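Notes to accompany the following structure.
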4 protein chains.
Amino acid sequence: MRLLLTGFEAFGGDRVNPTEAVVAALHGQVVAGAQVIGAVLPVDAARAPGAVRALLDEHQPDAVLLTGVARGRAQLALERVAVNVQDAALPDNAGRRLSGEPVVPGAPDAYLSTLPLPDVLAAWRAHGLPGYVSNTAGLYLCNAAMFAARHHLGERVPCGFLHVPANEWMALDARPGEVLAYLPQAEIERGVRVALAAVAAGVRAPA
Amino acid sequence: MRLLLTGFEAFGGDRVNPTEAVVAALHGQVVAGAQVIGAVLPVDAARAPGAVRALLDEHQPDAVLLTGVARGRAQLALERVAVNVQDAALPDNAGRRLSGEPVVPGAPDAYLSTLPLPDVLAAWRAHGLPGYVSNTAGLYLCNAAMFAARHHLGERVPCGFLHVPANEWMALDARPGEVLAYLPQAEIERGVRVALAAVAAGVRAPA
Amino acid sequence: MRLLLTGFEAFGGDRVNPTEAVVAALHGQVVAGAQVIGAVLPVDAARAPGAVRALLDEHQPDAVLLTGVARGRAQLALERVAVNVQDAALPDNAGRRLSGEPVVPGAPDAYLSTLPLPDVLAAWRAHGLPGYVSNTAGLYLCNAAMFAARHHLGERVPCGFLHVPANEWMALDARPGEVLAYLPQAEIERGVRVALAAVAAGVRAPA
Amino acid sequence: MRLLLTGFEAFGGDRVNPTEAVVAALHGQVVAGAQVIGAVLPVDAARAPGAVRALLDEHQPDAVLLTGVARGRAQLALERVAVNVQDAALPDNAGRRLSGEPVVPGAPDAYLSTLPLPDVLAAWRAHGLPGYVSNTAGLYLCNAAMFAARHHLGERVPCGFLHVPANEWMALDARPGEVLAYLPQAEIERGVRVALAAVAAGVRAPA
């Protein structure tokens, strides 16, 4: 079994992205009997969706866990839905600011996650990891990557997005006076690993 | 021109719902040359979608503005999307707790708002009313009402949802120690009126 | 009876300070039989405490209500305490950044408000105005003004601080994507007026 | 050198208090050459201040670090000040609800922390631990314990309070829909240990 795990490069002035280090740590490992294929996506609206599609075509994964960081969130979060809109005050790393463009012109308005969300939540709980299902992935690159992947895959391959909080380095780098919620990088990595195992189990024994 | 304006009855232990009073105040009025037809929806997952469809069929409105209260929000908010999922810790007023059921089985995953969102934001700004576009309407009755309406109407009639903050009475009723964001009821009503006028203008001069 | 009411000029890049307009509106008015003397304080750590003392000496008020804006707060708030420390990431309007200096060297660590806090809360509630008692006024100019006034006055003259939320113009000016809690300026002014009346009543009939 | 480290028992319906486990882990250990004396305080307004005084008299510590949990906070926080007021919507574990009583009748309005706050912040940063100085310890038992200790000790023994976020078990126990900020218990314990070492270093080499 092959699990595609993606993260993102740093953006928005951050020096690090916790998901980049998670991908580096888990790429090539075997989690719950499945081979993890890690890849870091560019924070570039013109390139990220195509990069996702290329990874899907090349690796033909059995399940896909896309990850990104959501500054200000306090717990690990599975995204419920990706919408066909891009809109953000923050430009991407190529300097492009999106305001309303679809991710895939002509595609449906949105796609729900096809990951086994309750299974991941239960696995997190069993491992002492609080987490929840978020109802918006924002309208920046994270949402676009999930939308592009879901549109490309259809229903046949479990696919969804996991947002992680800032890590300690982002919190230490925050602007003076900002008390940023964070989790230690090691805890973030543990949370992604547990999620991958639950996703792998779901592929073996679909609901 | 006929504008359908809906609100909701109180729920979750609240004694009032700001949108119920807004509907009472605006029903039968003429806003920007359009007749406002007001209706209050039940906070009952089994009945609300059907109630919305019945209103649409009966009144054949030229545009639809659904409204509800979002406790804890600080400004008026237009919802960007309604998803085909119902899931909430809080039971509805009939005591039913939803956990993952679709609003309309077999329907698409989500619908985007067909209201002229930038026009409403601009009208609010011109009237000194801060507001924004929210990317999640939650998974309670508000989302379900918008989903049901959009599914019933298709693209032909502008339709969307406006969430208002708590009003002063909800803030005064909050539990001890809770500093709930609120807007005065008169300000909420003004915000809905300005939104209705912008929606009516959009019907006359579609983008 | 004379009530001293102070506000502050704008700071931190804001174009307005809601309390400056409140002071302009209420200066010279009679509230609950008391003459309101309004004054706007500079956001300058080197000058504000002296300006407060000069106002107290010149006007010999029967009670003192200092006001300022607290960006991000959602309701009117009476401050419980002012501490003898100045410390803020944001420089004052003279460009000076404070990091730990006392307001008055050698003075006590802190002073509690001598305003009739429960009476003001009750008056607000009776007028449909949510509000609360805050346990920190921050360590910027607001806290310093209250500390300087309380140190100068001792226990003999009721004196305290009222923080107001941002108004609509600050919310409309916020950075893209920031949903700033606010109250309409007219509501803020009403809240200060009701507080002044409760303070005046407390001077006439001390607890 | 002897360092007194206190925590609190669980309260408010929580099944655990992260500081109770921290005290159990660190009691009897040597941190930076100092002996740690751990003690758990009762969440009982009638007993906690006396319990603090008894510990100070019995152990004659060279420095005092009081700790407690602050539900909803996102990082470790040193408290700057304790005020001579008790007031909380939540009753204590003996069922007593406080509303305005002083901690020590006739004592000053407040005491500032005498811990080397910048040293602890610097030590945390050096160990990858985000943290900050909070300007309010609330008006519940945490504040009362710090006030009682500072009043008893005067300036001669460094003494202050450290608030920790919820841990994973509190976050997992939170009410449905509540996304509570938390830190893993192991991270909280590490943060307290690093703070104790910085406090011990400050005793050896006062500023």
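Quick note on naming: the chains in the structure tokens go A, B, ... in the order shown, residues restart at 1 in each chain, and ligands are numbered from 1 in order of appearance.
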
**Asked** Where does DSSP see helix (DSSP H, G or I) in range 71-123 of chain D, if you list the residues as an MDAnalysis selection string?
**Response** chainID D and resid 117:123

Only residues of chain B matter here; which ones have an atom within 12 Å of chain A, counting only C-alpha atoms? Give them as a CSV table (one decimal) with N, CA, C and O atoms, in the first residue's frame.
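Printed below is iface39.csv as written:
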chain,number,residue,atom,x,y,z
B,79,GLU,N,-22.4,34.2,4.1
B,79,GLU,CA,-21.9,32.9,3.9
B,79,GLU,C,-21.5,32.6,2.5
B,79,GLU,O,-22.3,32.9,1.6
B,80,ARG,N,-20.4,32.0,2.2
B,80,ARG,CA,-19.9,31.7,0.9
B,80,ARG,C,-20.5,30.4,0.4
B,80,ARG,O,-20.7,30.3,-0.8
B,81,VAL,N,-20.7,29.5,1.3
B,81,VAL,CA,-21.0,28.1,0.8
B,81,VAL,C,-21.9,27.4,1.9
B,81,VAL,O,-21.8,27.7,3.0
B,82,ALA,N,-22.7,26.5,1.3
B,82,ALA,CA,-23.5,25.6,2.2
B,82,ALA,C,-23.2,24.2,1.8
B,82,ALA,O,-23.1,23.9,0.6
B,83,VAL,N,-22.9,23.3,2.8
B,83,VAL,CA,-22.5,22.0,2.4
B,83,VAL,C,-23.6,21.0,2.8
B,83,VAL,O,-24.5,21.2,3.6
B,84,ASN,N,-23.5,19.8,2.1
B,84,ASN,CA,-24.6,18.8,2.2
B,84,ASN,C,-24.3,17.9,3.4
B,84,ASN,O,-24.4,16.7,3.3
B,85,VAL,N,-24.1,18.5,4.6
B,85,VAL,CA,-23.8,17.7,5.8
B,85,VAL,C,-24.5,18.5,6.9
B,85,VAL,O,-24.5,19.7,7.0
B,86,GLN,N,-25.1,17.7,7.9
B,86,GLN,CA,-25.6,18.2,9.1
B,86,GLN,C,-24.9,17.5,10.2
B,86,GLN,O,-24.8,16.3,10.3
B,87,ASP,N,-24.4,18.3,11.2
B,87,ASP,CA,-23.6,17.8,12.3
B,87,ASP,C,-23.4,18.8,13.3
B,87,ASP,O,-22.8,19.9,13.0
B,88,ALA,N,-23.9,18.6,14.5
B,88,ALA,CA,-23.8,19.6,15.5
B,88,ALA,C,-23.9,19.0,16.9
B,88,ALA,O,-24.7,18.0,17.1
B,99,SER,N,-25.6,14.0,13.2
B,99,SER,CA,-24.2,13.7,13.2
B,99,SER,C,-23.8,13.1,11.8
B,99,SER,O,-23.6,11.9,11.7
B,100,GLY,N,-23.8,13.9,10.8
B,100,GLY,CA,-23.3,13.5,9.5
B,100,GLY,C,-24.3,13.3,8.4
B,100,GLY,O,-23.9,13.1,7.3
B,102,PRO,N,-26.8,13.9,5.4
B,102,PRO,CA,-26.9,14.9,4.4
B,102,PRO,C,-28.1,15.8,4.5
B,102,PRO,O,-29.1,15.3,5.2
B,107,ALA,N,-27.7,14.8,-3.3
B,107,ALA,CA,-27.4,16.1,-3.9
B,107,ALA,C,-25.9,16.3,-3.9
B,107,ALA,O,-25.2,15.6,-3.3
B,108,PRO,N,-25.5,17.4,-4.6
B,108,PRO,CA,-24.0,17.7,-4.6
B,108,PRO,C,-23.5,18.0,-3.2
B,108,PRO,O,-24.2,18.2,-2.3
B,109,ASP,N,-22.1,18.0,-3.1
B,109,ASP,CA,-21.5,18.2,-1.8
B,109,ASP,C,-21.7,19.6,-1.2
B,109,ASP,O,-21.7,19.7,0.0
B,110,ALA,N,-21.9,20.6,-2.1
B,110,ALA,CA,-22.0,21.9,-1.6
B,110,ALA,C,-22.5,22.9,-2.7
B,110,ALA,O,-22.5,22.5,-3.9
B,111,TYR,N,-23.1,24.0,-2.3
B,111,TYR,CA,-23.5,25.1,-3.2
B,111,TYR,C,-22.9,26.4,-2.7
B,111,TYR,O,-22.9,26.7,-1.5
B,112,LEU,N,-22.3,27.1,-3.6
B,112,LEU,CA,-21.8,28.5,-3.3
B,112,LEU,C,-23.0,29.4,-3.3
B,112,LEU,O,-24.0,29.2,-4.0
B,113,SER,N,-22.9,30.5,-2.6
B,113,SER,CA,-23.9,31.6,-2.6
B,113,SER,C,-24.0,32.2,-4.0
B,113,SER,O,-23.0,32.3,-4.7
B,114,THR,N,-25.2,32.5,-4.4
B,114,THR,CA,-25.4,33.2,-5.6
B,114,THR,C,-25.8,34.7,-5.4
B,114,THR,O,-26.3,35.4,-6.3
B,117,LEU,N,-22.0,39.0,-3.5
B,117,LEU,CA,-21.3,39.2,-2.2
B,117,LEU,C,-20.5,40.5,-2.2
B,117,LEU,O,-20.6,41.3,-1.2
B,118,PRO,N,-19.7,40.8,-3.2
B,118,PRO,CA,-19.0,42.1,-3.2
B,118,PRO,C,-19.9,43.3,-3.1
B,118,PRO,O,-19.5,44.3,-2.5
B,133,VAL,N,-17.1,38.0,4.4
B,133,VAL,CA,-17.6,36.8,3.8
B,133,VAL,C,-17.0,35.6,4.7
B,133,VAL,O,-15.8,35.5,4.8
B,134,SER,N,-17.9,34.9,5.2
B,134,SER,CA,-17.5,33.7,6.0
B,134,SER,C,-17.4,32.5,5.1
B,134,SER,O,-18.2,32.3,4.2
B,135,ASN,N,-16.5,31.6,5.4
B,135,ASN,CA,-16.3,30.4,4.6
B,135,ASN,C,-17.0,29.2,5.2
B,135,ASN,O,-16.9,28.1,4.6
B,136,THR,N,-17.6,29.3,6.4
B,136,THR,CA,-18.4,28.2,6.9
B,136,THR,C,-19.7,28.7,7.6
B,136,THR,O,-19.5,29.6,8.5
B,137,ALA,N,-20.8,28.2,7.2
B,137,ALA,CA,-22.0,28.5,7.9
B,137,ALA,C,-22.4,27.5,9.0
B,137,ALA,O,-23.5,27.5,9.6
B,138,GLY,N,-21.4,26.8,9.4
B,138,GLY,CA,-21.6,25.7,10.4
B,138,GLY,C,-22.3,24.5,9.7
B,138,GLY,O,-22.4,24.5,8.5
B,139,LEU,N,-22.8,23.6,10.6
B,139,LEU,CA,-23.5,22.4,10.0
B,139,LEU,C,-24.8,22.2,10.7
B,139,LEU,O,-25.3,21.1,10.9
B,140,TYR,N,-25.3,23.3,11.2
B,140,TYR,CA,-26.6,23.3,11.9
B,140,TYR,C,-27.7,23.7,11.0
B,140,TYR,O,-27.6,23.6,9.8
B,143,ASN,N,-26.9,26.4,7.8
B,143,ASN,CA,-26.3,25.7,6.6
B,143,ASN,C,-27.4,24.9,5.9
B,143,ASN,O,-27.5,25.0,4.6
B,150,ARG,N,-30.7,26.7,-2.0
B,150,ARG,CA,-29.9,26.7,-3.3
B,150,ARG,C,-30.2,25.5,-4.1
B,150,ARG,O,-30.2,25.6,-5.4

**Message:** When DSSP is applied to the backbone of this structure, which of range 27-187 of chain D are assigned strand (DSSP E or B)? Write them out as JSON, numbers by chain.
**Reply:** {"D": [30, 31, 34, 35, 36, 37, 38, 39, 40, 41, 63, 64, 65, 66, 67, 68, 69, 76, 77, 78, 79, 81, 82, 83, 86, 87, 99, 100, 101, 110, 111, 112, 131, 132, 133, 134, 159, 160, 161, 162, 163, 164, 166, 182]}

**Request:** Tell me, as JSON, numbers by chain, which residues lie within 9 Å of Val52 in chain B, counting only C-alpha atoms; anything in the same chain fewer than 6 positions away does not count.
**Result:** {"B": [6, 41, 145, 146, 148, 149]}

**Message:** Give me the residues near Asp57 in chain D as number ranges by chain, where near means some atom within 10 Å (using only C-alpha atoms) and where sequence neighbours in that chain fewer than 6 positions away do not count.
**Reply:** D: 51, 152-153
